[in-house]
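Asks: This is query_26.txt (compact mmCIF, C-alpha atoms).
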# COMPACT_ATOMS: atom_id res chain seq x y z
CA MET A 12 -75.20 14.39 -70.86
CA ASN A 13 -73.93 15.94 -67.64
CA ASN A 14 -71.44 18.62 -68.68
CA GLN A 15 -70.57 19.72 -65.15
CA LYS A 16 -66.83 19.21 -64.61
CA ASN A 17 -65.59 18.35 -61.16
CA TYR A 18 -62.62 19.87 -59.35
CA LEU A 19 -60.15 17.20 -60.56
CA GLU A 20 -61.23 17.53 -64.20
CA ARG A 21 -61.03 21.32 -64.07
CA THR A 22 -57.57 21.20 -62.50
CA THR A 23 -56.29 18.68 -65.07
CA PHE A 24 -57.79 20.76 -67.87
CA PHE A 25 -56.06 23.94 -66.71
CA VAL A 26 -52.76 22.11 -66.18
CA GLY A 27 -53.11 20.71 -69.73
CA LEU A 28 -53.91 24.14 -71.09
CA LEU A 29 -50.87 25.57 -69.30
CA ILE A 30 -48.62 22.79 -70.65
CA LEU A 31 -49.87 23.37 -74.21
CA ALA A 32 -49.41 27.15 -73.89
CA ILE A 33 -45.87 26.73 -72.52
CA LEU A 34 -44.98 24.19 -75.24
CA ILE A 35 -46.29 26.35 -78.07
CA GLY A 36 -44.72 29.48 -76.57
CA TYR A 37 -41.36 27.78 -75.98
CA LEU A 38 -41.22 26.25 -79.46
CA SER A 39 -42.28 29.53 -81.08
CA ILE A 40 -39.50 31.39 -79.26
CA GLU A 41 -37.03 28.69 -80.37
CA ILE A 42 -38.20 29.04 -83.98
CA LEU A 43 -38.01 32.84 -83.98
CA GLY A 44 -34.84 33.21 -81.94
CA GLU A 45 -32.59 30.61 -83.48
CA THR A 46 -30.03 32.00 -85.87
CA LYS A 47 -26.98 29.71 -85.75
CA LYS A 48 -28.05 26.37 -87.10
CA VAL A 49 -24.75 24.50 -86.97
CA PRO A 50 -23.11 22.54 -84.16
CA ALA A 51 -20.14 24.24 -82.45
CA LEU A 52 -18.15 21.80 -80.31
CA GLU A 53 -15.95 23.14 -77.55
CA VAL A 54 -13.43 20.64 -76.17
CA GLN A 55 -11.80 20.99 -72.75
CA PHE A 56 -9.52 18.54 -71.02
CA VAL A 57 -7.75 18.21 -67.72
CA HIS A 58 -5.06 15.77 -66.60
CA GLN A 59 -6.18 13.33 -63.90
CA PRO A 60 -3.09 12.44 -61.83
CA ALA A 61 -5.28 10.69 -59.24
CA LEU A 62 -6.43 8.12 -61.83
CA PRO A 63 -4.26 5.19 -62.90
CA GLY A 64 -2.22 5.63 -66.10
CA ASN A 65 -1.73 8.84 -68.03
CA THR A 66 -5.41 9.82 -68.00
CA TYR A 67 -7.21 12.96 -69.16
CA LYS A 68 -10.82 13.90 -68.54
CA ILE A 69 -12.42 15.31 -71.69
CA ASP A 70 -15.49 17.56 -71.69
CA ILE A 71 -17.22 18.31 -74.99
CA LYS A 72 -19.88 20.98 -75.07
CA ASN A 73 -22.08 21.91 -78.02
CA ASN A 74 -22.45 25.70 -78.10
CA GLY A 75 -24.09 25.69 -81.54
CA GLY A 76 -27.71 25.66 -82.62
CA GLU A 77 -27.86 22.10 -83.94
CA THR A 78 -27.13 18.62 -82.56
CA ALA A 79 -23.81 17.11 -83.65
CA LYS A 80 -24.15 13.48 -84.72
CA GLU A 81 -21.30 10.93 -84.69
CA ALA A 82 -18.75 13.44 -83.48
CA LEU A 83 -15.19 12.17 -83.85
CA ILE A 84 -12.45 14.05 -82.00
CA PHE A 85 -8.74 13.28 -82.27
CA PHE A 86 -6.21 13.94 -79.49
CA HIS A 87 -2.43 13.97 -79.83
CA LEU A 88 -0.07 13.51 -76.89
CA TYR A 89 3.14 15.50 -77.29
CA GLN A 90 6.35 14.70 -75.39
CA ASN A 91 9.44 16.80 -76.02
CA GLY A 92 7.76 18.46 -78.98
CA ARG A 93 6.90 15.22 -80.78
CA VAL A 94 3.61 13.38 -81.13
CA VAL A 95 4.12 10.12 -79.26
CA GLU A 96 0.59 8.84 -79.10
CA SER A 97 -2.85 9.62 -80.52
CA ALA A 98 -6.35 8.76 -79.42
CA GLN A 99 -9.86 9.44 -80.59
CA LEU A 100 -13.24 9.86 -78.94
CA LYS A 101 -16.43 8.98 -80.81
CA ILE A 102 -19.70 10.32 -79.50
CA GLY A 103 -23.10 9.33 -80.92
CA TYR A 104 -24.90 12.62 -80.29
CA VAL A 105 -24.02 15.92 -78.65
CA PRO A 106 -27.33 17.80 -78.29
CA VAL A 107 -27.47 21.60 -78.31
CA HIS A 108 -26.06 23.12 -75.07
CA SER A 109 -25.32 19.63 -73.74
CA GLU A 110 -22.03 18.51 -72.29
CA VAL A 111 -20.60 15.03 -72.73
CA SER A 112 -17.66 13.76 -70.67
CA GLY A 113 -15.14 11.04 -71.42
CA TRP A 114 -11.70 9.87 -70.40
CA ILE A 115 -8.59 8.99 -72.37
CA SER A 116 -5.82 6.86 -70.90
CA PHE A 117 -2.53 6.95 -72.80
CA SER A 118 -0.16 4.02 -72.52
CA ARG A 119 2.87 6.31 -72.22
CA ASP A 120 3.76 7.35 -68.68
CA ALA A 121 3.17 10.97 -67.86
CA VAL A 122 6.26 13.22 -67.99
CA PRO A 123 6.48 16.91 -67.03
CA THR A 124 6.81 17.96 -70.68
CA ASP A 125 3.52 16.28 -71.66
CA SER A 126 1.03 18.34 -73.60
CA LEU A 127 -2.24 17.27 -75.13
CA ALA A 128 -3.55 18.84 -78.33
CA VAL A 129 -6.96 18.50 -79.94
CA GLY A 130 -6.71 17.29 -83.54
CA PRO A 131 -9.38 17.30 -86.23
CA ILE A 132 -13.03 17.30 -85.18
CA SER A 133 -15.67 15.85 -87.45
CA PHE A 134 -19.42 15.43 -87.03
CA LEU A 135 -22.58 14.97 -89.02
CA LYS A 136 -25.74 16.99 -89.09
CA PRO A 137 -28.53 14.64 -87.92
CA MET B 211 -69.13 12.59 -62.74
CA GLY B 212 -67.69 12.29 -59.24
CA ILE B 213 -64.04 12.75 -58.38
CA SER B 214 -63.56 9.02 -57.75
CA GLU B 215 -64.99 8.24 -61.22
CA THR B 216 -62.66 10.81 -62.77
CA ALA B 217 -59.70 9.35 -60.87
CA LYS B 218 -60.58 5.87 -62.20
CA GLU B 219 -60.85 7.28 -65.72
CA TYR B 220 -57.44 8.92 -65.39
CA GLY B 221 -56.07 5.64 -64.04
CA ARG B 222 -57.29 3.88 -67.18
CA GLY B 223 -55.81 6.67 -69.28
CA ILE B 224 -52.41 6.34 -67.64
CA VAL B 225 -52.47 2.55 -68.05
CA GLY B 226 -53.50 2.96 -71.71
CA GLY B 227 -50.78 5.53 -72.30
CA LEU B 228 -48.13 3.21 -70.90
CA LEU B 229 -49.55 0.08 -72.51
CA PHE B 230 -49.65 1.50 -76.03
CA SER B 231 -46.47 3.54 -75.94
CA LEU B 232 -44.12 1.60 -73.69
CA PRO B 233 -41.97 0.37 -76.63
CA LEU B 234 -41.42 4.01 -77.63
CA LEU B 235 -40.47 5.09 -74.13
CA TYR B 236 -37.70 2.49 -74.32
CA THR B 237 -36.55 3.30 -77.88
CA MET B 238 -33.39 5.34 -78.24
CA GLU B 239 -34.25 6.67 -81.69
CA VAL B 240 -37.27 8.38 -80.11
CA TRP B 241 -35.08 10.01 -77.42
CA TRP B 242 -32.70 11.19 -80.14
CA THR B 243 -35.57 12.66 -82.14
CA GLY B 244 -36.32 14.78 -79.07
CA PHE B 245 -33.12 16.75 -79.52
CA THR B 246 -32.47 16.36 -83.25
CA ALA B 247 -35.92 17.46 -84.46
CA SER B 248 -36.23 21.16 -85.24
CA PRO B 249 -38.65 23.29 -83.16
CA GLU B 250 -40.79 23.68 -86.29
CA LYS B 251 -41.11 19.90 -86.58
CA LEU B 252 -41.92 19.52 -82.88
CA LEU B 253 -44.58 22.20 -83.14
CA ALA B 254 -46.09 20.50 -86.20
CA PHE B 255 -46.08 17.18 -84.33
CA VAL B 256 -47.90 18.75 -81.35
CA GLY B 257 -50.51 20.18 -83.76
CA PHE B 258 -50.92 16.90 -85.66
CA THR B 259 -51.29 14.86 -82.45
CA PHE B 260 -53.81 17.33 -81.06
CA LEU B 261 -55.88 17.03 -84.24
CA LEU B 262 -55.78 13.22 -83.95
CA LEU B 263 -56.85 13.49 -80.30
CA LEU B 264 -59.75 15.77 -81.21
CA GLY B 265 -60.79 13.37 -83.98
CA TYR B 266 -60.51 10.31 -81.75
CA ASN B 267 -62.39 11.91 -78.87
CA LYS B 268 -65.11 13.10 -81.23
CA HIS B 269 -65.60 9.75 -82.93
CA SER B 270 -64.89 7.24 -80.24
CA GLY B 271 -63.74 8.64 -76.96
CA MET B 272 -66.97 10.42 -76.06
CA ARG B 273 -70.74 10.14 -76.40
CA LYS B 274 -72.41 11.30 -79.60
CA ASP B 275 -73.99 14.35 -77.97
CA ALA B 276 -70.61 15.71 -76.81
CA THR B 277 -70.05 19.35 -77.79
CA LEU B 278 -66.86 20.78 -79.27
CA LYS B 279 -66.11 22.26 -75.85
CA ASP B 280 -66.36 18.80 -74.25
CA ILE B 281 -64.07 17.31 -76.90
CA LEU B 282 -61.52 20.12 -76.44
CA HIS B 283 -61.70 19.70 -72.67
CA GLU B 284 -61.13 15.95 -72.93
CA SER B 285 -58.23 16.32 -75.39
CA ILE B 286 -56.46 18.87 -73.19
CA GLU B 287 -56.90 16.59 -70.17
CA ASP B 288 -55.31 13.79 -72.24
CA ILE B 289 -52.35 16.06 -73.03
CA ALA B 290 -51.90 16.90 -69.33
CA LEU B 291 -51.92 13.23 -68.33
CA ALA B 292 -49.64 12.22 -71.20
CA PHE B 293 -47.12 14.97 -70.49
CA THR B 294 -46.97 14.00 -66.80
CA VAL B 295 -46.66 10.28 -67.57
CA ALA B 296 -43.93 10.82 -70.19
CA PHE B 297 -41.99 13.24 -67.98
CA LEU B 298 -42.07 10.95 -64.92
CA PHE B 299 -41.30 7.83 -66.93
CA LEU B 300 -38.29 9.40 -68.68
CA LEU B 301 -37.10 10.58 -65.27
CA LEU B 302 -37.56 7.05 -63.90
CA ILE B 303 -35.47 5.43 -66.63
CA ASN B 304 -32.89 8.22 -66.36
CA LYS B 305 -33.30 9.51 -69.91
CA ILE B 306 -33.85 13.00 -68.60
CA ASN B 307 -32.33 14.70 -65.59
CA PHE B 308 -32.08 18.23 -64.31
CA ASN B 309 -28.46 18.64 -65.47
CA MET B 310 -29.59 18.47 -69.09
CA PRO B 311 -30.34 21.63 -71.03
CA LEU B 312 -34.02 22.60 -71.15
CA ARG B 313 -34.17 22.03 -74.88
CA GLU B 314 -33.14 18.38 -74.57
CA ILE B 315 -35.60 17.69 -71.72
CA ALA B 316 -38.42 19.50 -73.52
CA GLY B 317 -37.73 17.76 -76.83
CA LYS B 318 -37.70 14.27 -75.35
CA VAL B 319 -40.83 14.86 -73.28
CA ILE B 320 -42.70 16.47 -76.21
CA VAL B 321 -41.97 13.58 -78.59
CA GLU B 322 -42.85 10.87 -76.07
CA SER B 323 -45.87 12.63 -74.59
CA MET B 324 -47.53 13.18 -77.95
CA ILE B 325 -47.49 9.43 -78.61
CA VAL B 326 -48.50 8.64 -75.01
CA ALA B 327 -51.45 11.06 -75.42
CA ILE B 328 -53.13 8.86 -78.05
CA GLY B 329 -52.67 5.87 -75.73
CA VAL B 330 -54.16 7.87 -72.83
CA SER B 331 -57.17 8.79 -74.95
CA VAL B 332 -57.69 5.19 -76.09
CA GLY B 333 -57.15 3.87 -72.55
CA THR B 334 -59.66 6.31 -71.07
CA ALA B 335 -62.29 5.34 -73.63
CA GLN B 336 -61.67 1.63 -74.09
CA LEU B 337 -60.18 0.08 -70.99
CA GLY B 338 -63.21 0.61 -68.78
CA GLN B 339 -66.13 -1.71 -68.15
CA GLU B 340 -67.99 -2.79 -71.30
CA LYS B 341 -71.15 -0.79 -70.44
CA LYS B 342 -69.26 2.48 -70.81
CA ARG B 343 -68.27 1.72 -74.36
CA GLU B 344 -71.63 1.04 -75.93
CA ALA B 345 -72.58 4.66 -76.57
CA SER B 346 -69.69 5.21 -78.97
CA LYS B 347 -70.47 2.29 -81.21
CA GLU B 348 -73.38 3.78 -83.08
CA GLY B 349 -73.23 4.82 -86.72
CA GLU B 350 -69.83 4.45 -88.33
CA GLY B 351 -69.46 7.07 -91.07
CA ILE B 352 -66.59 7.47 -93.49
CA LEU B 353 -65.07 10.34 -91.48
CA GLN B 354 -65.22 8.28 -88.31
CA MET B 355 -63.61 5.38 -90.14
CA ILE B 356 -60.80 7.61 -91.44
CA VAL B 357 -60.13 9.16 -88.02
CA LEU B 358 -60.09 5.80 -86.24
CA SER B 359 -57.94 4.27 -89.00
CA LEU B 360 -55.42 7.12 -88.66
CA CYS B 361 -55.34 6.73 -84.85
CA GLY B 362 -55.04 2.94 -85.06
CA ALA B 363 -52.29 3.18 -87.67
CA ALA B 364 -50.39 5.77 -85.59
CA LEU B 365 -50.72 3.71 -82.43
CA ILE B 366 -49.45 0.48 -83.96
CA SER B 367 -46.81 1.74 -86.41
CA SER B 368 -45.26 4.40 -84.16
CA SER B 369 -43.42 1.71 -82.23
CA VAL B 370 -41.38 0.72 -85.29
CA ALA B 371 -41.38 3.96 -87.29
CA PRO B 372 -38.35 5.53 -85.55
CA THR B 373 -36.14 2.46 -85.94
CA GLU B 374 -33.43 2.20 -88.58
CA GLU B 375 -34.70 -1.25 -89.54
CA ILE B 376 -37.40 0.33 -91.73
CA LEU B 377 -34.70 2.05 -93.79
CA LYS B 378 -32.60 -1.12 -93.96
CA ILE B 379 -35.55 -3.24 -95.16
CA ALA B 380 -36.54 -0.56 -97.69
CA MET B 381 -32.99 -0.36 -99.09
CA VAL B 382 -32.91 -4.06 -99.97
CA SER B 383 -36.50 -4.29 -101.20
CA GLY B 384 -36.96 -4.38 -104.97
CA PRO B 385 -40.17 -3.48 -106.82
CA ALA B 386 -41.44 -7.09 -106.63
CA HIS B 387 -40.87 -7.18 -102.84
CA LEU B 388 -42.69 -3.89 -102.42
CA MET B 389 -45.60 -5.05 -104.57
CA VAL B 390 -45.96 -8.18 -102.43
CA MET B 391 -45.83 -6.02 -99.29
CA ILE B 392 -48.68 -3.86 -100.60
CA LEU B 393 -50.76 -6.94 -101.47
CA ILE B 394 -50.07 -8.57 -98.08
CA SER B 395 -50.98 -5.34 -96.26
CA ILE B 396 -54.28 -5.05 -98.12
CA GLY B 397 -54.91 -8.81 -97.79
CA LEU B 398 -54.40 -8.70 -94.03
CA SER B 399 -56.77 -5.74 -93.79
CA ALA B 400 -59.37 -7.66 -95.82
CA LEU B 401 -58.97 -10.69 -93.59
CA ILE B 402 -59.39 -8.57 -90.44
CA LEU B 403 -62.26 -6.43 -91.67
CA PHE B 404 -64.36 -8.94 -93.61
CA PHE B 405 -63.35 -12.57 -93.21
CA SER B 406 -62.33 -13.33 -89.64
CA ASP B 407 -65.24 -12.22 -87.45
CA PHE B 408 -62.78 -9.82 -85.84
CA LYS B 409 -64.00 -7.98 -82.75
CA GLY B 410 -66.10 -4.97 -83.74
CA THR B 411 -66.46 -5.81 -87.43
CA GLY B 412 -69.99 -7.27 -87.26
CA SER B 413 -71.55 -8.54 -90.48
CA PHE B 414 -70.51 -6.47 -93.47
CA GLU B 415 -73.30 -5.34 -95.79
CA GLY B 416 -72.62 -3.46 -98.97
CA GLY B 417 -71.13 -5.74 -101.60
CA SER B 418 -67.68 -6.01 -103.07
CA PHE B 419 -67.50 -2.37 -104.27
CA LYS B 420 -68.02 -1.03 -100.74
CA MET B 421 -65.54 -3.61 -99.50
CA ILE B 422 -62.90 -2.30 -101.92
CA VAL B 423 -63.64 1.29 -100.88
CA HIS B 424 -63.13 0.35 -97.22
CA LEU B 425 -59.85 -1.39 -98.02
CA ILE B 426 -58.57 1.54 -100.09
CA ILE B 427 -59.43 4.06 -97.35
CA SER B 428 -57.80 1.85 -94.74
CA TYR B 429 -54.61 1.45 -96.77
CA MET B 430 -54.46 5.15 -97.70
CA CYS B 431 -54.67 6.02 -93.99
CA ALA B 432 -51.85 3.55 -93.30
CA LEU B 433 -49.69 5.12 -96.04
CA ALA B 434 -50.45 8.68 -94.87
CA ILE B 435 -49.56 7.93 -91.24
CA SER B 436 -46.43 6.06 -92.33
CA LEU B 437 -45.22 9.02 -94.36
CA VAL B 438 -45.94 11.51 -91.55
CA LEU B 439 -44.13 9.38 -88.96
CA LEU B 440 -41.15 8.81 -91.28
CA TRP B 441 -40.91 12.56 -91.88
CA PHE B 442 -41.12 13.31 -88.18
CA PHE B 443 -38.46 10.77 -87.23
CA GLY B 444 -36.08 12.17 -89.85
CA ARG B 445 -36.26 9.22 -92.24
CA VAL B 446 -37.29 11.27 -95.26
CA SER B 447 -34.76 14.07 -95.60
CA GLY B 448 -31.72 13.27 -97.66
CA HIS B 449 -33.27 10.30 -99.43
CA GLY B 450 -34.55 10.00 -102.98
CA TRP B 451 -38.24 9.53 -103.74
CA SER B 452 -37.86 5.84 -104.51
CA LEU B 453 -36.41 5.14 -101.05
CA ILE B 454 -39.04 7.31 -99.35
CA ILE B 455 -41.80 5.40 -101.15
CA ALA B 456 -40.16 2.07 -100.28
CA GLN B 457 -39.90 3.02 -96.60
CA THR B 458 -43.53 4.14 -96.59
CA ILE B 459 -44.65 0.80 -98.04
CA VAL B 460 -42.53 -1.13 -95.51
CA LEU B 461 -43.96 0.85 -92.59
CA ALA B 462 -47.46 0.59 -94.02
CA ILE B 463 -47.53 -3.13 -93.14
CA PRO B 464 -47.87 -2.52 -89.37
CA ALA B 465 -49.76 0.70 -90.09
CA SER B 466 -52.39 -1.16 -92.13
CA LEU B 467 -52.81 -3.65 -89.27
CA GLY B 468 -53.39 -0.63 -87.05
CA ALA B 469 -55.78 0.96 -89.54
CA SER B 470 -57.90 -2.21 -89.65
CA ALA B 471 -57.47 -4.32 -86.48
CA GLY B 472 -56.36 -1.35 -84.39
CA ARG B 473 -59.36 0.67 -85.58
CA MET B 474 -61.73 -2.08 -84.49
CA LEU B 475 -60.08 -2.40 -81.09
CA ILE B 476 -59.94 1.30 -80.26
CA GLY B 477 -63.19 2.35 -81.93
In structure tokens, what does this structure look like?

Replies:
Amino acid sequence: MNNQKNYLERTTFFVGLLILAILIGYLSIEILGETKKVPALEVQFVHQPALPGNTYKIDIKNNGGETAKEALIFFHLYQNGRVVESAQLKIGYVPVHSEVSGWISFSRDAVPTDSLAVGPISFLKP
Amino acid sequence: MGISETAKEYGRGIVGGLLFSLPLLYTMEVWWTGFTASPEKLLAFVGFTFLLLLGYNKHSGMRKDATLKDILHESIEDIALAFTVAFLFLLLINKINFNMPLREIAGKVIVESMIVAIGVSVGTAQLGQEKKREASKEGEGILQMIVLSLCGAALISSSVAPTEEILKIAMVSGPAHLMVMILISIGLSALILFFSDFKGTGSFEGGSFKMIVHLIISYMCALAISLVLLWFFGRVSGHGWSLIIAQTIVLAIPASLGASAGRMLIG
């Protein structure tokens, strides 16, 4: 059998070796360095006056060390100190350090005293 | 081997990788596993796949006089091709992008590329002209049979292992159902290996005892691969033993086809 490897085989081999070394190194660092093993969802929202209706853009970021599965986030629209409408966002998965965006359109017209509050947040560990 | 021969071999590997793992590249449960699986699990999966690659390349992918160095070289080349194919394909179908965190990209590519790697290895060895395959057909020992059965089972059953349907079927399957599933799995293997002149089986010599031993080994490989895949895709944790066993039996139907028919096709 001819064991001489050509240039292409040698290059592919070294690329493969590099990929394996990076994968093993990266996963080992993840294993050793990870301390917080629970999801931590951070919710931010901003009113979108340019969009039709009373619409808010919602950004949900997972700052924890574990994916959040089936995250359910409630939002309450306050007008004059009273809850006038509620909405909920359901997200299948929010991976670690990922950000998911969504929009909520309330049926009530926007008034200057509007305020949006985040209600209960629930999620499962995958 | 010249560069053009190597390029053709890689071409076959890429085609094999896509051909055998395309359903997984399009399966959302596999993408999710990329970011829900722990780093420990991903590392174990990389190790397990690499062992399967070494076994396959030793027993089928290369000539009998190949040294350990040759087998290692070939397996690492397979990983390089598989990683590139999986990365580019996930990019193409927009399941990864550069706005995602590194962990999500890495997880998805690792999970997909490990499955693509077995397809690359099989494609490199089996999709060429017939004359290139003859050297690997000599002398089938028990170890070779086990390795090829494991690879065949992994290749065929990995396309359904991540789906929730396995759990749903297992939940509604009673003991009688499961018993029939076991018998059908073994019966199909017997049909493929001994009674249908299936490609690569040849004429079986050895009597009914040897036949039973072959069937048992084949089914054990199917069960083992089923359990490993179920564990990796998160279908084991949180369930009682009875449901884990039921899921393993359900998944062992396609796995046993892979361990028998798949073994003959890729070996």

Asks: Please, which residues of chain B lie no more than 8 Å from chain A when the count uses only C-alpha atoms, and can they be set out as a ChimeraX atom specification?

Replies: /B:211-213,216-217,242,245-246,249-250,252-253,275-276,280,283-284,286-291,293,310-311,313-314

Asks: Which value, in Å to one decimal, gives the distance between CA of Leu228 in chain B and CA of Ser369 in chain B?

Replies: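 According to the coordinates, CA of Leu228 in chain B and CA of Ser369 in chain B are separated by 12.4 Å.
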
Asks: For range 221-227 of chain B, find every residue with an atom within 6 Å (counting all atoms listed in the file), except residues of its own chain fewer than 5 positions away, and show them as a ChimeraX atom specification.

Replies: /B:326,329-330,333-334

Asks: For Arg93 in chain A, which of A:Asn65, A:Ser126, A:Asn74, A:Ser112 is the closest residue, counting only C-alpha atoms?

Replies: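 Selected residue with least distance to Arg93 in chain A: A:Ser126.
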
Asks: Report, in Å with one decimal, the straight-line distance from CA of Leu453 in chain B to CA of Ser466 in chain B.

Replies: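 Taking CA of Leu453 in chain B and CA of Ser466 in chain B, their separation equals 19.4 Å.
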
Asks: Pick out the closest residue to Val122 in chain A from this set: A:Asn73, A:Leu52, A:Gln90, A:Leu83. Count all atoms listed in the file.

Replies: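 Smallest distance to Val122 in chain A is found for A:Gln90.
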
Asks: Give me the residues near Ser359 in chain B as a list in words, where near means some atom within 6 Å (using all atoms listed in the file) and where sequence neighbours in that chain fewer than 3 positions away do not count.

Replies: Met355, Ile356, Gly362, Ala363, Ala469 and Arg473 of chain B

Asks: Give me, please, the distance in Å between CA of Glu219 in chain B and CA of Gly338 in chain B, quoted to one decimal.

Replies: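 Distance between the two atoms: 7.7 Å.
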
Asks: For Pro63 in chain A, which residue among A:Gly75, A:Glu81, A:Ser97, A:Trp114 is the nearest when counting all atoms listed in the file?

Replies: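 Nearest candidate to Pro63 in chain A out of A:Gly75, A:Glu81, A:Ser97, A:Trp114: A:Trp114.
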
Asks: I'd like the neighbourhood of range 440-449 of chain B as a ChimeraX atom specification, where a residue qualifies if any of its atoms comes within 7 Å (using all atoms listed in the file), though same-chain residues fewer than 3 positions away should be ignored.

Replies: /B:243,251,371-372,436-437,453-454

Asks: Nearest residue to Leu401 in chain B out of B:Ile435, B:Leu467, B:Leu461, B:Ala327, using all atoms listed in the file?

Replies: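 For Leu401 in chain B, the nearest of the candidates is B:Leu467.
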
Asks: Counting all atoms listed in the file, which residue out of B:Val321, B:Leu278, B:Val460, B:Met474 sits closest to Glu375 in chain B?

Replies: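 Among the listed residues, the smallest separation from Glu375 in chain B belongs to B:Val460.
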
Asks: So which residues touch Thr66 in chain A within 9 Å, counting only C-alpha atoms, skipping near sequence neighbours fewer than 3 positions away, as a compact mmCIF listing (two decimals) with C-alpha atoms, in the coordinates of the input?

Replies:
# COMPACT_ATOMS: atom_id res chain seq x y z
CA VAL A 57 -7.75 18.21 -67.72
CA HIS A 58 -5.06 15.77 -66.60
CA GLN A 59 -6.18 13.33 -63.90
CA PRO A 60 -3.09 12.44 -61.83
CA ALA A 61 -5.28 10.69 -59.24
CA LEU A 62 -6.43 8.12 -61.83
CA PRO A 63 -4.26 5.19 -62.90
CA TRP A 114 -11.70 9.87 -70.40
CA ILE A 115 -8.59 8.99 -72.37
CA SER A 116 -5.82 6.86 -70.90
CA PHE A 117 -2.53 6.95 -72.80
CA ALA A 121 3.17 10.97 -67.86

Asks: What's the 9 Å shell around Leu234 in chain B, counting only C-alpha atoms, without same-chain residues fewer than 4 positions away, as a list in words?

Replies: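 Residues meeting the cut-off are Phe230, Met238, Glu239, Val240, Trp241, Glu322, Ile325, Val326, Ser368, Ser369, Val370 and Pro372 of chain B.
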
Asks: Counting all atoms listed in the file, which of A:Ala82, A:Ile71, A:Gly44, A:Ala51 gets nearest to Ser133 in chain A?

Replies: A:Ala82

Asks: Could you pull out every residue with an atom within 7 Å of (6.1, 19.3, -72.9), file coordinates, counting all atoms listed in the file, and send them as a short mmCIF file (atom, residue, chain, number, x, y, z; two decimals) with C-alpha atoms, in the frame of the given file?

Replies:
data_model
loop_
_atom_site.label_atom_id
_atom_site.label_comp_id
_atom_site.auth_asym_id
_atom_site.auth_seq_id
_atom_site.Cartn_x
_atom_site.Cartn_y
_atom_site.Cartn_z
CA TYR A 89 3.14 15.50 -77.29
CA GLN A 90 6.35 14.70 -75.39
CA ASN A 91 9.44 16.80 -76.02
CA GLY A 92 7.76 18.46 -78.98
CA PRO A 123 6.48 16.91 -67.03
CA THR A 124 6.81 17.96 -70.68
CA ASP A 125 3.52 16.28 -71.66
CA SER A 126 1.03 18.34 -73.60
#
